[in-house]
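> Structure in structure tokens, see below.
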Amino acid sequence: MNGRPTVAEVDLVAIRDNAHAVRGHLGPGVRLMAVVKANAYGHGAGPVARAALAGGAGALAVALAEEGATLRAEGVDAPILVMGPTLGGQAAIALRADLETTIYDVASAKLLAEAAAREGVRASVHLKVDTGMGRIGVAHDGPVLDLASEIVRQPSLRLVGLMTHLASADSADSGSAERQWSRFLDVVEALRRAGIEVPFVHGANSAAALRWPGMQGSQVRVGIALYGIVPGPAPARLRPALSLTSAVAQVKRVGPGFRVGYGETFATADEAVLVTVPVGYADGYRRAFSNRARALVGGTWAQAAGRVSMDQTVFALPKTASVAVGDPVVLLGAAGGEAVTAEDWAAWADTIPYEILCGIGPRVPRVYRIGEQWRAAASVDAEFLASL
Ligand SMILES: *Cc1c(COP(=O)(O)O)cnc(C)c1O
């Protein structure tokens, strides 16, 4: 260990294999777009993008033009779609990095067309239709055709995608998703009748792609499944890619009634072993985990004792536990047949694994593993990634 013992390790083989597994669920010719927004849900966008492409992804998606430009600067040459709005100066960023953007109104189509003409490029765009999510998107029963015609009319734009987004792809009941998909297909049909053919028709996220083959269109946008989280009731075998480990900083053998942490919300009932671990809410180890989280300390289950603070957390072990400074602590991930999962974290904090994963803070160093080889983030290079 060269520095801080609290480290997030990302298994790039798991990412690659998860991409491959998702591909196994796709119909023939359906392109896998790997969603690597928010620094690949906290995993690190550059290495994850390479691993997903090695696993059979044909394109990438981000939320912001800036995220896409960073990937381009790192030498990624796959198509990259910016799924969120591209506003103000973001248009120039997107065009210079050869990013595809999401368009949902005539005014921004015109602005982008002008910017593309100025830059001397032809910009590829996806038209976003709101079929029931209620966020960005032109209303499915609104001026979709006007917008599509405007895009097609602009010589500096190319309409490459028609997209929507499902609000309830992970709910038990498929009714909402089916209603949205049928509205979407009506839009596809209306465009076709107007003579507008679009190469990529897409609306499925991980859950929808894995659960409903009929909603795959010609592309699926898969994020959470790549990271090894099975979304909702989807029938998939995936492997979590990220683990968060640390090491014991101090051991205290205490008697009953020993209080721990801000507000003294925990007191030992009996003799106990308390260990302090250098991880806290500034690292994404959420304060909501206080007195709730479990971790594996030197292979033994330990219980969070008292409030999680910004940089440190205390765990309690039975008085018989044998544990020493430097012993490994698994906060998230598997060890010796046991595992702490992102779903566990989400339950403790009353949230979803998505928020947990992208909440692992930038202060936590990332380490990348490919089989037996591993590299710190700063040393990940083309040669290392070539072994994927
Ligand atoms: C984040 C996102 C996705 C990926 O969703 P997952 O559930 O992680 O697969 C797909 N489409 C859009 C528009 C998104 O914002």
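Chain identifiers are assigned as A, B, and so on, following the order in which chains appear in the structure tokens; residues are numbered from 1 within each chain, and ligands are numbered from 1 in order of appearance.
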Quick one: residues within 7 Å of range 87-90 of chain A, only C-alpha atoms, excluding same-chain residues fewer than 3 positions away - as a ChimeraX atom specification?
/A:65,93-94
> May I have the selected residues written with C-alpha atoms, as an mmCIF file, in the first residue's frame?

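Output saved as part.cif:
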data_model
loop_
_atom_site.group_PDB
_atom_site.id
_atom_site.type_symbol
_atom_site.label_atom_id
_atom_site.label_comp_id
_atom_site.auth_asym_id
_atom_site.auth_seq_id
_atom_site.Cartn_x
_atom_site.Cartn_y
_atom_site.Cartn_z
ATOM 1 C CA ALA A 65 -20.655 17.516 -23.194
ATOM 2 C CA ILE A 93 -17.494 21.650 -26.670
ATOM 3 C CA ALA A 94 -19.673 18.886 -28.134
#
> Need the shell around Arg259 in chain A: protein/DNA/RNA residues with any atom at most 12 Å away, counting only C-alpha atoms. Skip same-chain ones fewer than 2 positions apart. Format as a ChimeraX atom specification?
/A:254-257,261-270,272,274,305-307,314,316
> Could you write out the selected residues, including all heavy atoms, as a CSV table (one decimal), in the first residue's frame?

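See part-v9.csv below for the written result:
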chain,number,residue,atom,x,y,z
A,254,VAL,N,-12.8,-2.5,25.0
A,254,VAL,CA,-13.5,-1.7,26.0
A,254,VAL,C,-14.5,-2.5,26.8
A,254,VAL,O,-14.9,-3.6,26.4
A,254,VAL,CB,-14.2,-0.5,25.3
A,254,VAL,CG1,-13.2,0.4,24.5
A,254,VAL,CG2,-15.3,-1.0,24.4
A,255,GLY,N,-14.9,-1.9,27.9
A,255,GLY,CA,-16.0,-2.6,28.7
A,255,GLY,C,-17.3,-2.1,28.3
A,255,GLY,O,-17.5,-1.3,27.4
A,256,PRO,N,-18.4,-2.5,29.1
A,256,PRO,CA,-19.7,-2.1,28.8
A,256,PRO,C,-19.9,-0.6,29.0
A,256,PRO,O,-19.2,0.0,29.9
A,256,PRO,CB,-20.6,-2.9,29.7
A,256,PRO,CG,-19.7,-3.5,30.7
A,256,PRO,CD,-18.3,-3.5,30.2
A,257,GLY,N,-20.8,0.0,28.3
A,257,GLY,CA,-21.2,1.4,28.6
A,257,GLY,C,-20.2,2.4,27.9
A,257,GLY,O,-20.2,3.6,28.2
A,261,GLY,N,-18.6,8.3,19.2
A,261,GLY,CA,-19.0,9.2,18.1
A,261,GLY,C,-19.8,10.4,18.5
A,261,GLY,O,-20.2,10.6,19.6
A,262,TYR,N,-20.0,11.3,17.5
A,262,TYR,CA,-20.7,12.5,17.7
A,262,TYR,C,-22.1,12.2,18.2
A,262,TYR,O,-22.8,11.3,17.7
A,262,TYR,CB,-20.9,13.2,16.3
A,262,TYR,CG,-19.6,13.9,15.8
A,262,TYR,CD1,-19.1,13.5,14.6
A,262,TYR,CD2,-19.0,14.9,16.6
A,262,TYR,CE1,-17.9,14.2,14.2
A,262,TYR,CE2,-17.9,15.6,16.1
A,262,TYR,CZ,-17.3,15.2,14.9
A,262,TYR,OH,-16.2,15.8,14.4
A,263,GLY,N,-22.5,12.9,19.2
A,263,GLY,CA,-23.8,12.7,19.8
A,263,GLY,C,-23.9,11.5,20.7
A,263,GLY,O,-25.0,11.3,21.3
A,264,GLU,N,-22.8,10.7,20.8
A,264,GLU,CA,-22.8,9.5,21.7
A,264,GLU,C,-24.0,8.6,21.4
A,264,GLU,O,-24.7,8.3,22.4
A,264,GLU,CB,-22.7,9.9,23.1
A,264,GLU,CG,-21.4,10.8,23.4
A,264,GLU,CD,-21.6,11.6,24.6
A,264,GLU,OE1,-22.1,12.8,24.5
A,264,GLU,OE2,-21.2,11.2,25.7
A,265,THR,N,-24.3,8.3,20.2
A,265,THR,CA,-25.5,7.6,19.9
A,265,THR,C,-25.3,6.1,20.1
A,265,THR,O,-26.2,5.3,19.9
A,265,THR,CB,-25.9,7.8,18.4
A,265,THR,OG1,-24.9,7.4,17.5
A,265,THR,CG2,-26.2,9.3,18.2
A,266,PHE,N,-24.1,5.7,20.4
A,266,PHE,CA,-23.8,4.2,20.6
A,266,PHE,C,-23.1,4.0,21.9
A,266,PHE,O,-22.2,4.8,22.2
A,266,PHE,CB,-22.9,3.7,19.4
A,266,PHE,CG,-22.5,2.3,19.6
A,266,PHE,CD1,-23.3,1.2,19.1
A,266,PHE,CD2,-21.3,1.9,20.3
A,266,PHE,CE1,-22.9,-0.1,19.3
A,266,PHE,CE2,-20.9,0.6,20.4
A,266,PHE,CZ,-21.7,-0.4,19.9
A,267,ALA,N,-23.5,3.0,22.6
A,267,ALA,CA,-22.8,2.6,23.8
A,267,ALA,C,-22.7,1.1,23.8
A,267,ALA,O,-23.7,0.4,23.5
A,267,ALA,CB,-23.5,3.1,25.1
A,268,THR,N,-21.5,0.5,24.2
A,268,THR,CA,-21.4,-0.9,24.2
A,268,THR,C,-22.3,-1.5,25.3
A,268,THR,O,-22.4,-0.9,26.4
A,268,THR,CB,-19.9,-1.3,24.5
A,268,THR,OG1,-19.5,-0.6,25.6
A,268,THR,CG2,-19.0,-1.0,23.3
A,269,ALA,N,-22.9,-2.7,25.0
A,269,ALA,CA,-23.7,-3.4,26.0
A,269,ALA,C,-22.9,-4.3,26.8
A,269,ALA,O,-23.2,-4.6,28.0
A,269,ALA,CB,-24.8,-4.2,25.2
A,270,ASP,N,-21.7,-4.7,26.3
A,270,ASP,CA,-20.9,-5.7,26.9
A,270,ASP,C,-19.4,-5.3,26.6
A,270,ASP,O,-19.2,-4.3,25.9
A,270,ASP,CB,-21.3,-7.0,26.3
A,270,ASP,CG,-20.7,-8.2,27.0
A,270,ASP,OD1,-20.0,-8.0,28.0
A,270,ASP,OD2,-21.0,-9.4,26.6
A,272,ALA,N,-16.3,-5.3,24.4
A,272,ALA,CA,-16.3,-5.3,22.9
A,272,ALA,C,-14.9,-4.9,22.4
A,272,ALA,O,-14.1,-4.3,23.1
A,272,ALA,CB,-17.4,-4.4,22.3
A,274,LEU,N,-13.5,-2.4,19.6
A,274,LEU,CA,-13.8,-1.3,18.6
A,274,LEU,C,-12.7,-1.0,17.7
A,274,LEU,O,-11.5,-1.0,18.2
A,274,LEU,CB,-14.2,-0.1,19.4
A,274,LEU,CG,-15.4,-0.2,20.4
A,274,LEU,CD1,-15.6,1.1,21.1
A,274,LEU,CD2,-16.7,-0.6,19.7
A,305,ALA,N,-20.6,1.5,14.7
A,305,ALA,CA,-20.9,1.9,16.1
A,305,ALA,C,-20.9,3.4,16.1
A,305,ALA,O,-19.8,4.0,15.9
A,305,ALA,CB,-19.9,1.3,17.0
A,306,GLY,N,-22.0,4.0,16.4
A,306,GLY,CA,-22.1,5.4,16.5
A,306,GLY,C,-22.2,6.1,15.1
A,306,GLY,O,-22.3,5.4,14.1
A,307,ARG,N,-22.1,7.4,15.1
A,307,ARG,CA,-22.3,8.1,13.9
A,307,ARG,C,-21.0,8.0,13.0
A,307,ARG,O,-19.9,8.0,13.4
A,307,ARG,CB,-22.4,9.6,14.2
A,307,ARG,CG,-23.7,9.9,14.9
A,307,ARG,CD,-24.6,10.9,14.1
A,307,ARG,NE,-25.9,11.0,14.7
A,307,ARG,CZ,-26.2,12.0,15.6
A,307,ARG,NH1,-25.4,12.8,16.0
A,307,ARG,NH2,-27.5,12.0,16.1
A,314,VAL,N,-16.3,4.0,13.2
A,314,VAL,CA,-15.9,3.0,14.2
A,314,VAL,C,-16.8,1.8,14.0
A,314,VAL,O,-18.0,2.0,13.7
A,314,VAL,CB,-16.1,3.6,15.6
A,314,VAL,CG1,-15.8,2.5,16.7
A,314,VAL,CG2,-15.1,4.7,15.8
A,316,ALA,N,-17.8,-2.1,15.7
A,316,ALA,CA,-17.8,-2.9,16.9
A,316,ALA,C,-17.7,-4.4,16.5
A,316,ALA,O,-18.5,-4.9,15.6
A,316,ALA,CB,-19.0,-2.7,17.8
> Using only C-alpha atoms and all ligand atoms, find each residue with an atom at most 10 Å away from ligand 1 and format the answer as a VMD selection string.
chain A and resid 33 to 38 40 to 41 61 to 63 82 to 84 102 128 133 135 to 136 163 to 166 169 to 170 202 to 210 220 to 227 229 to 232 353 to 354
> Using only C-alpha atoms, which of A:Ala177, A:Leu185, A:Leu317, A:Val10 sits nearest Arg211 in chain A?
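Nearest candidate to Arg211 in chain A out of A:Ala177, A:Leu185, A:Leu317, A:Val10: A:Ala177.
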> Let's see if you can do this: from backbone DSSP, list all strand (DSSP E or B) residues in range 12-215 of chain A, as a PyMOL selection string.
chain A and resi 31-35+59-62+80-82+100-103+123-130+138-139+157-163+200-204
> Have a look at CA of Leu32 in chain A and CA of Val380 in chain A and let me know their distance in Å, one decimal.
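Taking CA of Leu32 in chain A as the start and CA of Val380 in chain A as the end point, the length is 24.4 Å.
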> Point out the residue among A:Ala167, A:Val275, A:Cys358, A:Leu242 with the least atom-to-atom distance to Leu332 in chain A, counting only C-alpha atoms.
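Among A:Ala167, A:Val275, A:Cys358, A:Leu242, it is A:Leu242 that comes nearest to Leu332 in chain A.
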> Mind giving me the straight-line distance from CA of Leu244 in chain A to CA of Val7 in chain A in Å, one decimal?
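Separation of CA of Leu244 in chain A and CA of Val7 in chain A: 5.7 Å.
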> Could you check the closest approach to Phe200 in chain A for each of A:Val279, A:Ala339, A:His140, A:Ser124 and tell me which residue wins, using only C-alpha atoms?
A:Ser124
> Considering only C-alpha atoms, can you say which of A:Thr6, A:Asn18, A:Thr341, A:Ser108 comes closest to Pro328 in chain A?
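Nearest candidate to Pro328 in chain A out of A:Thr6, A:Asn18, A:Thr341, A:Ser108: A:Thr6.
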> Quick one: DSSP helix (DSSP H, G or I) residues in range 80-299 of chain A, as a short mmCIF file (atom, residue, chain, number, x, y, z; two decimals) with N, CA, C and O atoms, in the first residue's frame?

data_model
loop_
_atom_site.label_atom_id
_atom_site.label_comp_id
_atom_site.auth_asym_id
_atom_site.auth_seq_id
_atom_site.Cartn_x
_atom_site.Cartn_y
_atom_site.Cartn_z
N GLN A 90 -21.70 24.70 -24.21
CA GLN A 90 -21.54 23.25 -24.35
C GLN A 90 -21.66 22.79 -25.80
O GLN A 90 -21.13 21.74 -26.17
N ALA A 91 -22.35 23.57 -26.64
CA ALA A 91 -22.50 23.17 -28.04
C ALA A 91 -21.13 23.11 -28.71
O ALA A 91 -20.81 22.13 -29.40
N ALA A 92 -20.32 24.15 -28.49
CA ALA A 92 -18.99 24.17 -29.11
C ALA A 92 -18.13 23.02 -28.57
O ALA A 92 -17.38 22.38 -29.32
N ILE A 93 -18.26 22.76 -27.27
CA ILE A 93 -17.49 21.65 -26.67
C ILE A 93 -17.88 20.33 -27.35
O ILE A 93 -17.03 19.53 -27.74
N ALA A 94 -19.19 20.13 -27.53
CA ALA A 94 -19.67 18.89 -28.13
C ALA A 94 -19.20 18.77 -29.58
O ALA A 94 -18.75 17.70 -30.01
N LEU A 95 -19.30 19.85 -30.33
CA LEU A 95 -18.94 19.79 -31.75
C LEU A 95 -17.45 19.54 -31.94
O LEU A 95 -17.05 18.73 -32.77
N ARG A 96 -16.63 20.21 -31.13
CA ARG A 96 -15.18 20.05 -31.28
C ARG A 96 -14.73 18.66 -30.88
O ARG A 96 -13.70 18.17 -31.36
N VAL A 106 -37.03 23.11 -31.40
CA VAL A 106 -36.59 23.70 -32.67
C VAL A 106 -35.54 24.77 -32.44
O VAL A 106 -34.55 24.86 -33.18
N ALA A 107 -35.71 25.58 -31.39
CA ALA A 107 -34.76 26.67 -31.16
C ALA A 107 -33.35 26.12 -30.97
O ALA A 107 -32.39 26.64 -31.56
N SER A 108 -33.20 25.06 -30.14
CA SER A 108 -31.83 24.57 -29.92
C SER A 108 -31.32 23.80 -31.14
O SER A 108 -30.11 23.76 -31.39
N ALA A 109 -32.22 23.23 -31.95
CA ALA A 109 -31.79 22.60 -33.20
C ALA A 109 -31.16 23.66 -34.11
O ALA A 109 -30.11 23.44 -34.72
N LYS A 110 -31.82 24.82 -34.17
CA LYS A 110 -31.30 25.90 -35.03
C LYS A 110 -29.96 26.42 -34.52
O LYS A 110 -29.03 26.63 -35.29
N LEU A 111 -29.88 26.60 -33.20
CA LEU A 111 -28.62 27.09 -32.61
C LEU A 111 -27.48 26.10 -32.88
O LEU A 111 -26.37 26.51 -33.24
N LEU A 112 -27.76 24.83 -32.71
CA LEU A 112 -26.72 23.82 -32.95
C LEU A 112 -26.33 23.81 -34.42
O LEU A 112 -25.15 23.71 -34.76
N ALA A 113 -27.33 23.93 -35.29
CA ALA A 113 -27.05 23.93 -36.74
C ALA A 113 -26.12 25.10 -37.10
O ALA A 113 -25.16 24.94 -37.86
N GLU A 114 -26.41 26.26 -36.51
CA GLU A 114 -25.55 27.42 -36.79
C GLU A 114 -24.14 27.21 -36.25
O GLU A 114 -23.16 27.50 -36.93
N ALA A 115 -24.06 26.69 -35.03
CA ALA A 115 -22.75 26.44 -34.44
C ALA A 115 -21.97 25.43 -35.27
O ALA A 115 -20.76 25.58 -35.49
N ALA A 116 -22.65 24.39 -35.75
CA ALA A 116 -21.98 23.36 -36.56
C ALA A 116 -21.49 23.96 -37.86
O ALA A 116 -20.37 23.69 -38.31
N ALA A 117 -22.32 24.81 -38.46
CA ALA A 117 -21.93 25.45 -39.72
C ALA A 117 -20.69 26.31 -39.49
O ALA A 117 -19.74 26.29 -40.28
N ARG A 118 -20.67 27.04 -38.37
CA ARG A 118 -19.50 27.88 -38.04
C ARG A 118 -18.25 27.04 -37.87
O ARG A 118 -17.17 27.42 -38.29
N GLU A 119 -18.42 25.88 -37.21
CA GLU A 119 -17.26 25.00 -36.96
C GLU A 119 -16.88 24.22 -38.22
O GLU A 119 -15.86 23.53 -38.24
N VAL A 144 -43.49 16.80 -32.69
CA VAL A 144 -42.35 15.94 -32.99
C VAL A 144 -41.96 16.04 -34.46
O VAL A 144 -40.78 16.13 -34.81
N LEU A 145 -42.99 16.01 -35.29
CA LEU A 145 -42.72 15.98 -36.73
C LEU A 145 -42.09 17.29 -37.20
O LEU A 145 -41.18 17.29 -38.03
N ASP A 146 -42.55 18.41 -36.62
CA ASP A 146 -41.95 19.72 -36.96
C ASP A 146 -40.47 19.71 -36.62
O ASP A 146 -39.63 20.19 -37.39
N LEU A 147 -40.16 19.17 -35.43
CA LEU A 147 -38.76 19.16 -34.99
C LEU A 147 -37.93 18.26 -35.89
O LEU A 147 -36.84 18.64 -36.33
N ALA A 148 -38.45 17.07 -36.19
CA ALA A 148 -37.71 16.14 -37.05
C ALA A 148 -37.47 16.78 -38.42
O ALA A 148 -36.36 16.70 -38.97
N SER A 149 -38.49 17.44 -38.95
CA SER A 149 -38.35 18.07 -40.27
C SER A 149 -37.31 19.17 -40.24
O SER A 149 -36.52 19.34 -41.18
N GLU A 150 -37.31 19.95 -39.15
CA GLU A 150 -36.34 21.03 -39.02
C GLU A 150 -34.91 20.48 -39.00
O GLU A 150 -34.00 21.02 -39.65
N ILE A 151 -34.71 19.38 -38.26
CA ILE A 151 -33.37 18.78 -38.19
C ILE A 151 -32.94 18.28 -39.57
O ILE A 151 -31.82 18.56 -40.02
N VAL A 152 -33.86 17.59 -40.24
CA VAL A 152 -33.53 17.02 -41.55
C VAL A 152 -33.24 18.12 -42.58
O VAL A 152 -32.43 17.96 -43.48
N ARG A 153 -33.92 19.25 -42.41
CA ARG A 153 -33.78 20.40 -43.32
C ARG A 153 -32.41 21.09 -43.19
O ARG A 153 -31.96 21.76 -44.11
N GLY A 175 -46.90 -2.30 -17.29
CA GLY A 175 -47.92 -1.51 -17.99
C GLY A 175 -47.45 -0.13 -18.40
O GLY A 175 -47.64 0.28 -19.54
N SER A 176 -46.78 0.58 -17.49
CA SER A 176 -46.33 1.93 -17.80
C SER A 176 -45.32 1.92 -18.94
O SER A 176 -45.39 2.72 -19.87
N ALA A 177 -44.36 1.00 -18.87
CA ALA A 177 -43.33 0.92 -19.92
C ALA A 177 -43.98 0.57 -21.26
O ALA A 177 -43.61 1.14 -22.30
N GLU A 178 -44.95 -0.33 -21.23
CA GLU A 178 -45.61 -0.71 -22.49
C GLU A 178 -46.36 0.47 -23.10
O GLU A 178 -46.32 0.68 -24.32
N ARG A 179 -47.01 1.26 -22.24
CA ARG A 179 -47.70 2.44 -22.76
C ARG A 179 -46.70 3.42 -23.38
O ARG A 179 -46.92 3.95 -24.47
N GLN A 180 -45.59 3.63 -22.70
CA GLN A 180 -44.58 4.56 -23.24
C GLN A 180 -44.03 4.04 -24.56
O GLN A 180 -43.83 4.79 -25.51
N TRP A 181 -43.77 2.73 -24.60
CA TRP A 181 -43.16 2.17 -25.82
C TRP A 181 -44.12 2.27 -26.99
O TRP A 181 -43.72 2.57 -28.11
N SER A 182 -45.39 2.07 -26.72
CA SER A 182 -46.34 2.14 -27.83
C SER A 182 -46.48 3.58 -28.34
O SER A 182 -46.57 3.81 -29.55
N ARG A 183 -46.42 4.55 -27.43
CA ARG A 183 -46.42 5.96 -27.88
C ARG A 183 -45.18 6.23 -28.74
O ARG A 183 -45.23 6.94 -29.74
N PHE A 184 -44.06 5.67 -28.31
CA PHE A 184 -42.80 5.87 -29.02
C PHE A 184 -42.88 5.26 -30.43
O PHE A 184 -42.49 5.90 -31.41
N LEU A 185 -43.43 4.05 -30.52
CA LEU A 185 -43.55 3.41 -31.83
C LEU A 185 -44.48 4.20 -32.75
O LEU A 185 -44.25 4.27 -33.96
N ASP A 186 -45.49 4.84 -32.17
CA ASP A 186 -46.36 5.69 -32.98
C ASP A 186 -45.56 6.84 -33.59
O ASP A 186 -45.78 7.22 -34.74
N VAL A 187 -44.63 7.40 -32.79
CA VAL A 187 -43.79 8.49 -33.30
C VAL A 187 -42.88 7.98 -34.42
O VAL A 187 -42.74 8.62 -35.47
N VAL A 188 -42.28 6.81 -34.20
CA VAL A 188 -41.40 6.23 -35.23
C VAL A 188 -42.19 6.08 -36.53
O VAL A 188 -41.72 6.42 -37.61
N GLU A 189 -43.41 5.60 -36.40
CA GLU A 189 -44.27 5.35 -37.56
C GLU A 189 -44.64 6.67 -38.26
O GLU A 189 -44.60 6.77 -39.49
N ALA A 190 -44.95 7.69 -37.46
CA ALA A 190 -45.31 8.99 -38.04
C ALA A 190 -44.15 9.57 -38.84
O ALA A 190 -44.33 10.12 -39.93
N LEU A 191 -42.94 9.40 -38.31
CA LEU A 191 -41.77 9.90 -39.03
C LEU A 191 -41.56 9.11 -40.33
O LEU A 191 -41.26 9.68 -41.38
N ARG A 192 -41.76 7.82 -40.21
CA ARG A 192 -41.58 6.97 -41.40
C ARG A 192 -42.54 7.40 -42.50
O ARG A 192 -42.17 7.52 -43.67
N ARG A 193 -43.80 7.66 -42.09
CA ARG A 193 -44.79 8.08 -43.10
C ARG A 193 -44.39 9.41 -43.73
O ARG A 193 -44.71 9.67 -44.88
N SER A 206 -30.98 -0.37 -18.63
CA SER A 206 -30.59 -1.75 -18.27
C SER A 206 -31.81 -2.63 -18.01
O SER A 206 -31.92 -3.73 -18.56
N ALA A 207 -32.69 -2.15 -17.14
CA ALA A 207 -33.82 -2.99 -16.73
C ALA A 207 -34.67 -3.37 -17.94
O ALA A 207 -35.01 -4.54 -18.14
N ALA A 208 -35.01 -2.38 -18.76
CA ALA A 208 -35.87 -2.65 -19.91
C ALA A 208 -35.18 -3.56 -20.91
O ALA A 208 -35.78 -4.49 -21.46
N ALA A 209 -33.89 -3.30 -21.15
CA ALA A 209 -33.15 -4.10 -22.14
C ALA A 209 -33.13 -5.57 -21.74
O ALA A 209 -33.24 -6.46 -22.58
N LEU A 210 -32.98 -5.82 -20.43
CA LEU A 210 -32.86 -7.20 -19.97
C LEU A 210 -34.22 -7.87 -19.81
O LEU A 210 -34.35 -9.08 -19.94
N ARG A 211 -35.25 -7.09 -19.53
CA ARG A 211 -36.56 -7.69 -19.24
C ARG A 211 -37.45 -7.81 -20.45
O ARG A 211 -38.24 -8.75 -20.55
N PRO A 213 -37.32 -7.79 -24.40
CA PRO A 213 -36.63 -7.78 -25.70
C PRO A 213 -37.40 -6.95 -26.74
O PRO A 213 -36.77 -6.33 -27.60
N GLY A 214 -38.72 -6.88 -26.60
CA GLY A 214 -39.52 -6.12 -27.56
C GLY A 214 -39.30 -4.62 -27.48
O GLY A 214 -39.74 -3.88 -28.35
N MET A 215 -38.62 -4.16 -26.43
CA MET A 215 -38.37 -2.72 -26.28
C MET A 215 -36.91 -2.36 -26.54
O MET A 215 -36.47 -1.28 -26.17
N TYR A 262 -19.95 11.29 17.50
CA TYR A 262 -20.74 12.52 17.68
C TYR A 262 -22.12 12.19 18.23
O TYR A 262 -22.80 11.29 17.73
N GLY A 263 -22.52 12.91 19.23
CA GLY A 263 -23.84 12.71 19.82
C GLY A 263 -23.94 11.50 20.70
O GLY A 263 -25.00 11.25 21.29
N GLU A 264 -22.83 10.73 20.79
CA GLU A 264 -22.79 9.53 21.66
C GLU A 264 -24.03 8.65 21.45
O GLU A 264 -24.71 8.26 22.38
N TYR A 281 -18.15 10.07 5.54
CA TYR A 281 -19.13 10.50 4.54
C TYR A 281 -18.52 11.35 3.44
O TYR A 281 -19.07 11.44 2.34
N ALA A 282 -17.34 11.94 3.68
CA ALA A 282 -16.67 12.67 2.59
C ALA A 282 -16.20 11.71 1.49
O ALA A 282 -15.90 12.13 0.38
N ASP A 283 -16.15 10.43 1.82
CA ASP A 283 -15.77 9.42 0.83
C ASP A 283 -16.98 8.74 0.19
O ASP A 283 -16.84 7.84 -0.63
N ARG A 287 -23.50 9.12 6.04
CA ARG A 287 -23.82 9.33 7.45
C ARG A 287 -25.07 8.54 7.85
O ARG A 287 -25.22 8.15 9.00
N ALA A 288 -25.93 8.29 6.85
CA ALA A 288 -27.12 7.48 7.13
C ALA A 288 -26.76 6.05 7.54
O ALA A 288 -27.61 5.32 8.04
N PHE A 289 -25.50 5.66 7.33
CA PHE A 289 -25.08 4.31 7.74
C PHE A 289 -24.83 4.20 9.25
O PHE A 289 -24.61 3.11 9.76
#
> Neighbouring residues of Gly161 in chain A were defined as those with any atom within 6 Å, considering only C-alpha atoms; residues of the same chain fewer than 2 positions away were excluded. Please report them as a PyMOL selection string.
chain A and resi 126+159+198+200-201
> Would you list the contacts of range 292-299 of chain A as a list in words, taking every protein, DNA or RNA residue within 7 Å and counting only C-alpha atoms, but skipping same-chain residues closer than 3 positions in sequence?
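Counting only the stated atoms, we get Phe289, Ala302, Gln303, Ala304, Val323, Asp327, Pro328, Val329, Val330, Leu331, Val340 and Trp348 of chain A.
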